[in-house]
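Below is one structure; the comments refer to it alone.
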Amino acid sequence: MAIPAGGERRKTTRLRVLYGAQIPGDDYSPVIDCQVRSFSMAGARLSPSTRRRLPPRFDLRVAKHDRPFRAEIVWQRDGEVG
């Protein structure tokens, strides 16, 4: 696959945003607050408020939107997840 100029390999356009969001907890863990830093139809980059282990799949509740987004962690580094 050819990488476009600038090194971007994404298939969908990514928007830089700063949205408040939450990862709901279960019976044993509290809600995790986070910020959405970038957003596209294919994924998002999140900055959680904790370094605690996150569930591999969860419903991300973004304050700006009226519905949850089903999320699956694909990568983690430097306090961010995608």
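Residues are referred to by chain and number: the chain letter is A, B, ... according to the order shown in the structure tokens, the number counts from 1 in that chain, and ligands are numbered separately from 1 in the order shown.
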For Pro24 (chain A), please output as a VMD selection string all residues within 12 Å (counting only C-alpha atoms; exclusion window: fewer than 2 positions along the same chain).
chain A and resid 21 to 22 26 to 34 54 to 55 57 to 62 68 to 71
Enumerate, as a ChimeraX atom specification, the complete set of residues in chain A that a backbone-based DSSP assignment places in strand (DSSP E).
/A:15-23,32-40,43-48,57-62,68-72,76-77,80-81
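Shortest separation to Pro56 (chain A) among A:Glu72, A:Gln35, A:Gly79, A:Leu15 occurs at residue A:Glu72, atoms counted being only C-alpha atoms.
When CA of Thr12 (chain A) is paired with CA of Val81 (chain A), their separation reads 18.0 Å.
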Just give me the gap between CA of Met41 (chain A) and CA of Gly20 (chain A) in Å, one decimal is fine.
17.7 Å
Across A:Gly43, A:Val36, A:Arg14, A:Arg51, the smallest distance to Lys64 (chain A), with only C-alpha atoms counted, is shown by A:Val36
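Among the candidate residues A:Asp78, A:Arg52, A:Tyr19, A:Thr13, the one lying nearest to His65 (chain A) is A:Tyr19, with distances computed using only C-alpha atoms.
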With only C-alpha atoms as the basis for distance, which of A:Ile23, A:Val17, A:Glu80, A:Ala63 is at the shortest distance from Leu46 (chain A)?
A:Glu80
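As for CA of Gly25 (chain A) and CA of Ser40 (chain A), they are spaced 24.1 Å apart.
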